[in-house]
Every structure is written in C-alpha cells, then in structure tokens.
Amino acid sequence: MAAFVTVLIVSNIASSAKIVDWGVSLFGLPLAFDAGTLLFPISYVFGDVLTEVYGYQRSRRVIWVGFFALALTTLTLWIVGLMPGEATWQSYAGDQAYQAILGGVSAGGIVLASLCGYWFGEFFNSFVLAKMKVLTKGRWLWTRTIGSTLIGEAVDSLIFVAIASAFGVFPWSLFLTLAVTNYLFKVGIEVLMTPITYYIVAQLKRVENEDFYDTDTNFNPFIV
C-alpha cells in the first residue's frame, strides 16, 4: 500500500511538471505524453496483485487510501502556493516557477482530472479482475491482469485527459495524442510487467497463505 500511494503521488506531480515528446509518431499522430505516464501504470500492477491475492474488499480500502493521500498532496501544494515567498528564493526560483510546475498539481482542473480518472480507473480494474478470477476459476492470470488493465486504463486515460483539457490544463489539440499515447503506454507497461506480476502473486499467495475469490462480495465502491 505504501508503494502504491507513493507511485500515485509521484506520477501525478510528474504529470503536471512536464509533457514528454520522444519524436515518435503512430500513423501521423505524435506520441507525446505527460511525464507521470512513465510511473503511473505500476499502480495498476499493484492493484492487480492486491485484488488477485487479497480480493476486491481489501483492494477497495487501498484505493481509498490512495485517493485521500492524493487529495492531501494537492491541498498541501495549494496552501504552499498561497504563502508569500522569501526574497532570496524569489530571486532564483519565484512564485511564477512554482505555479508553472507544482501549481498545476493543486489547480482545480488537474486535481479533478487526476482524482476522477484514478478513482474510476482503479475501481473498474479491480472489479473486472475480481469477476474474471471467479469466471476463470483462478486460471490464466495473464488474461485477468491484461484484460482488467485494458478496461481500467481506457476509463482512466479518457476521463483524465478529457477533464484536464476541459479545464485548460492541456490544450484540446493534444487530447487525442495524450489519450492514445497514455493508453498504449500504460497497457504496454502492464504487458511487460506480467512475468513480474506472476512472480509477486505466487510469492504472496505462498507466504500469506491467501488466494481470495470474490464470490459473495459487495462491489459497492463506497463501502470501506
């Protein structure tokens, strides 16, 4: 859970700080992406492991912890941005630089986009994986980790980029580029991490003596 929350917070700060362009295009569409995309997909690996081993209920608890940790981060950065800067700091950095980089994390648009995208995406991911585990009787783990990510990341990417664009964080001209690139990158990371996911899941199931099936689970996301 600690690693999950760390990944979530760092990736959201990086998303506001920089948009990366490696100069690569797909059918003429530039594959630029916000920097948080480098790390954020790992949160879905954690989500997969938590749901696969411990079940949807415990995963739901961790998702809410991450939600409130992200909210606390944005609130703190917003308050700091309101405070007057010291004169020497203003001379080499200044409020303008702070607002340009960290101010975006606490700005209304990026906060709403991050929280909504994260919340919907993670719960879709956990729900789909839990249901697939029951349907497959615990077989073919790769179909659950990749299948749940295909849905969860699609929901996350579309909601995040759409809300951020609506609030002017990203220009609408980059909507398709950011949405497609984020989705492809995140799913690609999940596929590449599959062997590691298999190893972690196997070790946790053995050490914890736990392999939960959500046969009678209440999937209401608001029950903690």
# chains A, B, ... in the order shown; residues from 1 in each chain; ligands from 1
$ residues_around --residues "A:Tyr56" --least-positions-apart "3" --cutoff "12 Å" --atoms "only C-alpha atoms" --output "PyMOL selection string"
chain A and resi 47-53+59-63+122-134+211-221+223-224
$ select_by_dssp --residues "chain A" --states "helix (DSSP H, G or I)" --output "PyMOL selection string"
chain A and resi 2-17+35-38+41-54+56-82+87-92+94-101+103-106+108-135+141-166+172-192+194-208
$ closest_residue --among "A:Gln96, A:Tyr118, A:Thr177, A:Phe160" --to "A:Asp21" --atoms "only C-alpha atoms"
A:Thr177
$ residues_around --residues "A:Ala35" --least-positions-apart "5" --cutoff "8 Å" --atoms "only C-alpha atoms" --output "short mmCIF file (atom, residue, chain, number, x, y, z; two decimals) with C-alpha atoms, in the first residue's frame"
data_model
loop_
_atom_site.label_atom_id
_atom_site.label_comp_id
_atom_site.auth_asym_id
_atom_site.auth_seq_id
_atom_site.Cartn_x
_atom_site.Cartn_y
_atom_site.Cartn_z
CA SER A 11 3.19 10.24 -11.02
CA ALA A 14 5.31 14.45 -12.79
CA SER A 15 2.20 14.70 -14.98
CA SER A 16 1.83 18.37 -14.14
CA ALA A 17 5.54 19.11 -14.41
CA LYS A 18 6.31 18.06 -17.97
CA ILE A 19 4.94 16.74 -21.26
CA VAL A 20 7.46 14.45 -22.96
#
$ closest_residue --among "A:Phe120, A:Tyr44, A:Gly55, A:Trp78" --to "A:Ile101" --atoms "only C-alpha atoms"
A:Trp78
$ atom_distance --atom1 "atom CA of A:Gln90" --atom2 "atom CA of A:Leu75"
22.0 Å
$ residues_around --residues "stretch 140-142 of chain A" --least-positions-apart "6" --cutoff "9 Å" --atoms "only C-alpha atoms" --output "ChimeraX atom specification"
/A:52,133,191,194-195,197-198
$ atom_distance --atom1 "atom CA of A:Lys186" --atom2 "atom CA of A:Asp34"
11.8 Å
$ residues_around --residues "A:Trp22" --least-positions-apart "3" --cutoff "10 Å" --atoms "only C-alpha atoms" --output "list in words"
Ser25, Pro30, Leu31, Ala32 and Phe33 of chain A
$ decode --residues "stretch 13-133 of chain A" --atoms "C-alpha atoms" --output "PDB file, in the first residue's frame"
ATOM      1  CA  ILE A  13       3.311  15.571  -9.736  1.00  0.00           C
ATOM      2  CA  ALA A  14       5.309  14.449 -12.788  1.00  0.00           C
ATOM      3  CA  SER A  15       2.204  14.704 -14.981  1.00  0.00           C
ATOM      4  CA  SER A  16       1.827  18.373 -14.142  1.00  0.00           C
ATOM      5  CA  ALA A  17       5.544  19.113 -14.405  1.00  0.00           C
ATOM      6  CA  LYS A  18       6.310  18.056 -17.973  1.00  0.00           C
ATOM      7  CA  ILE A  19       4.942  16.742 -21.262  1.00  0.00           C
ATOM      8  CA  VAL A  20       7.462  14.454 -22.961  1.00  0.00           C
ATOM      9  CA  ASP A  21       7.916  14.047 -26.712  1.00  0.00           C
ATOM     10  CA  TRP A  22      10.349  11.407 -27.974  1.00  0.00           C
ATOM     11  CA  GLY A  23       9.679  12.402 -31.569  1.00  0.00           C
ATOM     12  CA  VAL A  24       7.808   9.172 -32.317  1.00  0.00           C
ATOM     13  CA  SER A  25       4.531   9.106 -34.267  1.00  0.00           C
ATOM     14  CA  LEU A  26       1.877   6.448 -34.924  1.00  0.00           C
ATOM     15  CA  PHE A  27       0.090   6.872 -38.270  1.00  0.00           C
ATOM     16  CA  GLY A  28       0.956  10.546 -38.157  1.00  0.00           C
ATOM     17  CA  LEU A  29      -0.213  11.002 -34.558  1.00  0.00           C
ATOM     18  CA  PRO A  30       2.619  12.331 -32.329  1.00  0.00           C
ATOM     19  CA  LEU A  31       3.043  10.089 -29.291  1.00  0.00           C
ATOM     20  CA  ALA A  32       3.679  12.809 -26.707  1.00  0.00           C
ATOM     21  CA  PHE A  33       2.684  12.063 -23.120  1.00  0.00           C
ATOM     22  CA  ASP A  34       2.639  13.622 -19.673  1.00  0.00           C
ATOM     23  CA  ALA A  35       5.658  12.502 -17.649  1.00  0.00           C
ATOM     24  CA  GLY A  36       3.595  10.759 -14.976  1.00  0.00           C
ATOM     25  CA  THR A  37       2.716   8.115 -17.545  1.00  0.00           C
ATOM     26  CA  LEU A  38       6.194   6.635 -17.020  1.00  0.00           C
ATOM     27  CA  LEU A  39       5.343   5.576 -13.473  1.00  0.00           C
ATOM     28  CA  PHE A  40       1.558   5.557 -13.120  1.00  0.00           C
ATOM     29  CA  PRO A  41       0.958   2.169 -14.859  1.00  0.00           C
ATOM     30  CA  ILE A  42       2.765   0.477 -11.970  1.00  0.00           C
ATOM     31  CA  SER A  43      -0.142   1.460  -9.731  1.00  0.00           C
ATOM     32  CA  TYR A  44      -2.296  -0.883 -11.821  1.00  0.00           C
ATOM     33  CA  VAL A  45       0.207  -3.682 -11.257  1.00  0.00           C
ATOM     34  CA  PHE A  46      -0.205  -3.121  -7.520  1.00  0.00           C
ATOM     35  CA  GLY A  47      -3.976  -3.063  -7.975  1.00  0.00           C
ATOM     36  CA  ASP A  48      -3.866  -6.363  -9.844  1.00  0.00           C
ATOM     37  CA  VAL A  49      -1.724  -8.014  -7.171  1.00  0.00           C
ATOM     38  CA  LEU A  50      -3.896  -6.735  -4.316  1.00  0.00           C
ATOM     39  CA  THR A  51      -7.147  -7.894  -5.917  1.00  0.00           C
ATOM     40  CA  GLU A  52      -5.758 -11.232  -7.111  1.00  0.00           C
ATOM     41  CA  VAL A  53      -4.325 -12.202  -3.718  1.00  0.00           C
ATOM     42  CA  TYR A  54      -6.484 -10.409  -1.146  1.00  0.00           C
ATOM     43  CA  GLY A  55      -9.719  -9.748  -3.036  1.00  0.00           C
ATOM     44  CA  TYR A  56     -11.745  -6.712  -4.034  1.00  0.00           C
ATOM     45  CA  GLN A  57     -12.602  -5.590  -0.481  1.00  0.00           C
ATOM     46  CA  ARG A  58      -9.010  -5.040   0.597  1.00  0.00           C
ATOM     47  CA  SER A  59      -8.118  -3.543  -2.754  1.00  0.00           C
ATOM     48  CA  ARG A  60     -11.036  -1.112  -2.322  1.00  0.00           C
ATOM     49  CA  ARG A  61      -9.575   0.017   1.008  1.00  0.00           C
ATOM     50  CA  VAL A  62      -6.187   0.701  -0.572  1.00  0.00           C
ATOM     51  CA  ILE A  63      -7.781   2.614  -3.460  1.00  0.00           C
ATOM     52  CA  TRP A  64      -9.497   4.925  -0.955  1.00  0.00           C
ATOM     53  CA  VAL A  65      -6.245   5.425   0.970  1.00  0.00           C
ATOM     54  CA  GLY A  66      -4.578   6.449  -2.289  1.00  0.00           C
ATOM     55  CA  PHE A  67      -7.467   8.779  -3.088  1.00  0.00           C
ATOM     56  CA  PHE A  68      -7.180  10.663   0.205  1.00  0.00           C
ATOM     57  CA  ALA A  69      -3.359  10.719   0.036  1.00  0.00           C
ATOM     58  CA  LEU A  70      -3.543  12.348  -3.389  1.00  0.00           C
ATOM     59  CA  ALA A  71      -6.131  14.823  -2.116  1.00  0.00           C
ATOM     60  CA  LEU A  72      -3.855  15.709   0.837  1.00  0.00           C
ATOM     61  CA  THR A  73      -0.917  16.230  -1.540  1.00  0.00           C
ATOM     62  CA  THR A  74      -2.848  18.617  -3.752  1.00  0.00           C
ATOM     63  CA  LEU A  75      -4.240  20.522  -0.754  1.00  0.00           C
ATOM     64  CA  THR A  76      -0.736  20.953   0.707  1.00  0.00           C
ATOM     65  CA  LEU A  77       0.741  22.219  -2.563  1.00  0.00           C
ATOM     66  CA  TRP A  78      -2.180  24.615  -2.988  1.00  0.00           C
ATOM     67  CA  ILE A  79      -1.678  26.089   0.503  1.00  0.00           C
ATOM     68  CA  VAL A  80       2.081  26.406  -0.058  1.00  0.00           C
ATOM     69  CA  GLY A  81       1.400  28.232  -3.326  1.00  0.00           C
ATOM     70  CA  LEU A  82      -0.704  30.810  -1.454  1.00  0.00           C
ATOM     71  CA  MET A  83       2.049  31.576   1.053  1.00  0.00           C
ATOM     72  CA  PRO A  84       4.434  34.507   0.404  1.00  0.00           C
ATOM     73  CA  GLY A  85       7.863  33.516  -0.887  1.00  0.00           C
ATOM     74  CA  GLU A  86      11.125  34.535   0.799  1.00  0.00           C
ATOM     75  CA  ALA A  87      13.093  37.234  -1.070  1.00  0.00           C
ATOM     76  CA  THR A  88      16.200  35.166  -1.911  1.00  0.00           C
ATOM     77  CA  TRP A  89      14.074  32.245  -3.094  1.00  0.00           C
ATOM     78  CA  GLN A  90      12.047  34.637  -5.254  1.00  0.00           C
ATOM     79  CA  SER A  91      15.274  35.802  -6.953  1.00  0.00           C
ATOM     80  CA  TYR A  92      16.337  32.349  -8.194  1.00  0.00           C
ATOM     81  CA  ALA A  93      13.016  30.500  -8.366  1.00  0.00           C
ATOM     82  CA  GLY A  94       9.933  32.509  -7.542  1.00  0.00           C
ATOM     83  CA  ASP A  95       6.193  32.047  -7.386  1.00  0.00           C
ATOM     84  CA  GLN A  96       5.859  32.024 -11.151  1.00  0.00           C
ATOM     85  CA  ALA A  97       8.127  28.969 -11.451  1.00  0.00           C
ATOM     86  CA  TYR A  98       6.342  27.261  -8.558  1.00  0.00           C
ATOM     87  CA  GLN A  99       2.937  27.809 -10.102  1.00  0.00           C
ATOM     88  CA  ALA A 100       4.155  26.700 -13.534  1.00  0.00           C
ATOM     89  CA  ILE A 101       5.332  23.318 -12.192  1.00  0.00           C
ATOM     90  CA  LEU A 102       3.742  22.441  -8.861  1.00  0.00           C
ATOM     91  CA  GLY A 103       0.813  24.809  -9.127  1.00  0.00           C
ATOM     92  CA  GLY A 104      -0.682  22.557 -11.760  1.00  0.00           C
ATOM     93  CA  VAL A 105      -0.928  19.694  -9.264  1.00  0.00           C
ATOM     94  CA  SER A 106      -3.143  21.794  -6.998  1.00  0.00           C
ATOM     95  CA  ALA A 107      -5.062  23.579  -9.754  1.00  0.00           C
ATOM     96  CA  GLY A 108      -8.748  22.663  -9.918  1.00  0.00           C
ATOM     97  CA  GLY A 109      -8.611  21.015 -13.339  1.00  0.00           C
ATOM     98  CA  ILE A 110      -5.680  18.686 -12.800  1.00  0.00           C
ATOM     99  CA  VAL A 111      -6.900  17.733  -9.314  1.00  0.00           C
ATOM    100  CA  LEU A 112     -10.370  16.846 -10.540  1.00  0.00           C
ATOM    101  CA  ALA A 113      -8.954  15.042 -13.577  1.00  0.00           C
ATOM    102  CA  SER A 114      -6.480  13.039 -11.503  1.00  0.00           C
ATOM    103  CA  LEU A 115      -8.922  12.104  -8.758  1.00  0.00           C
ATOM    104  CA  CYS A 116     -11.746  11.165 -11.142  1.00  0.00           C
ATOM    105  CA  GLY A 117      -9.515   9.270 -13.577  1.00  0.00           C
ATOM    106  CA  TYR A 118      -7.777   7.414 -10.761  1.00  0.00           C
ATOM    107  CA  TRP A 119     -10.977   6.580  -8.872  1.00  0.00           C
ATOM    108  CA  PHE A 120     -12.965   5.264 -11.828  1.00  0.00           C
ATOM    109  CA  GLY A 121      -9.993   3.539 -13.476  1.00  0.00           C
ATOM    110  CA  GLU A 122      -8.803   1.691 -10.375  1.00  0.00           C
ATOM    111  CA  PHE A 123     -12.264   0.501  -9.385  1.00  0.00           C
ATOM    112  CA  PHE A 124     -13.027  -0.694 -12.919  1.00  0.00           C
ATOM    113  CA  ASN A 125      -9.674  -2.506 -12.957  1.00  0.00           C
ATOM    114  CA  SER A 126     -10.262  -4.194  -9.606  1.00  0.00           C
ATOM    115  CA  PHE A 127     -13.883  -5.102 -10.385  1.00  0.00           C
ATOM    116  CA  VAL A 128     -13.078  -6.680 -13.764  1.00  0.00           C
ATOM    117  CA  LEU A 129     -10.149  -8.671 -12.379  1.00  0.00           C
ATOM    118  CA  ALA A 130     -12.173  -9.974  -9.419  1.00  0.00           C
ATOM    119  CA  LYS A 131     -15.039 -11.055 -11.689  1.00  0.00           C
ATOM    120  CA  MET A 132     -12.693 -12.678 -14.217  1.00  0.00           C
ATOM    121  CA  LYS A 133     -10.931 -14.627 -11.474  1.00  0.00           C
TER     122      LYS A 133
END
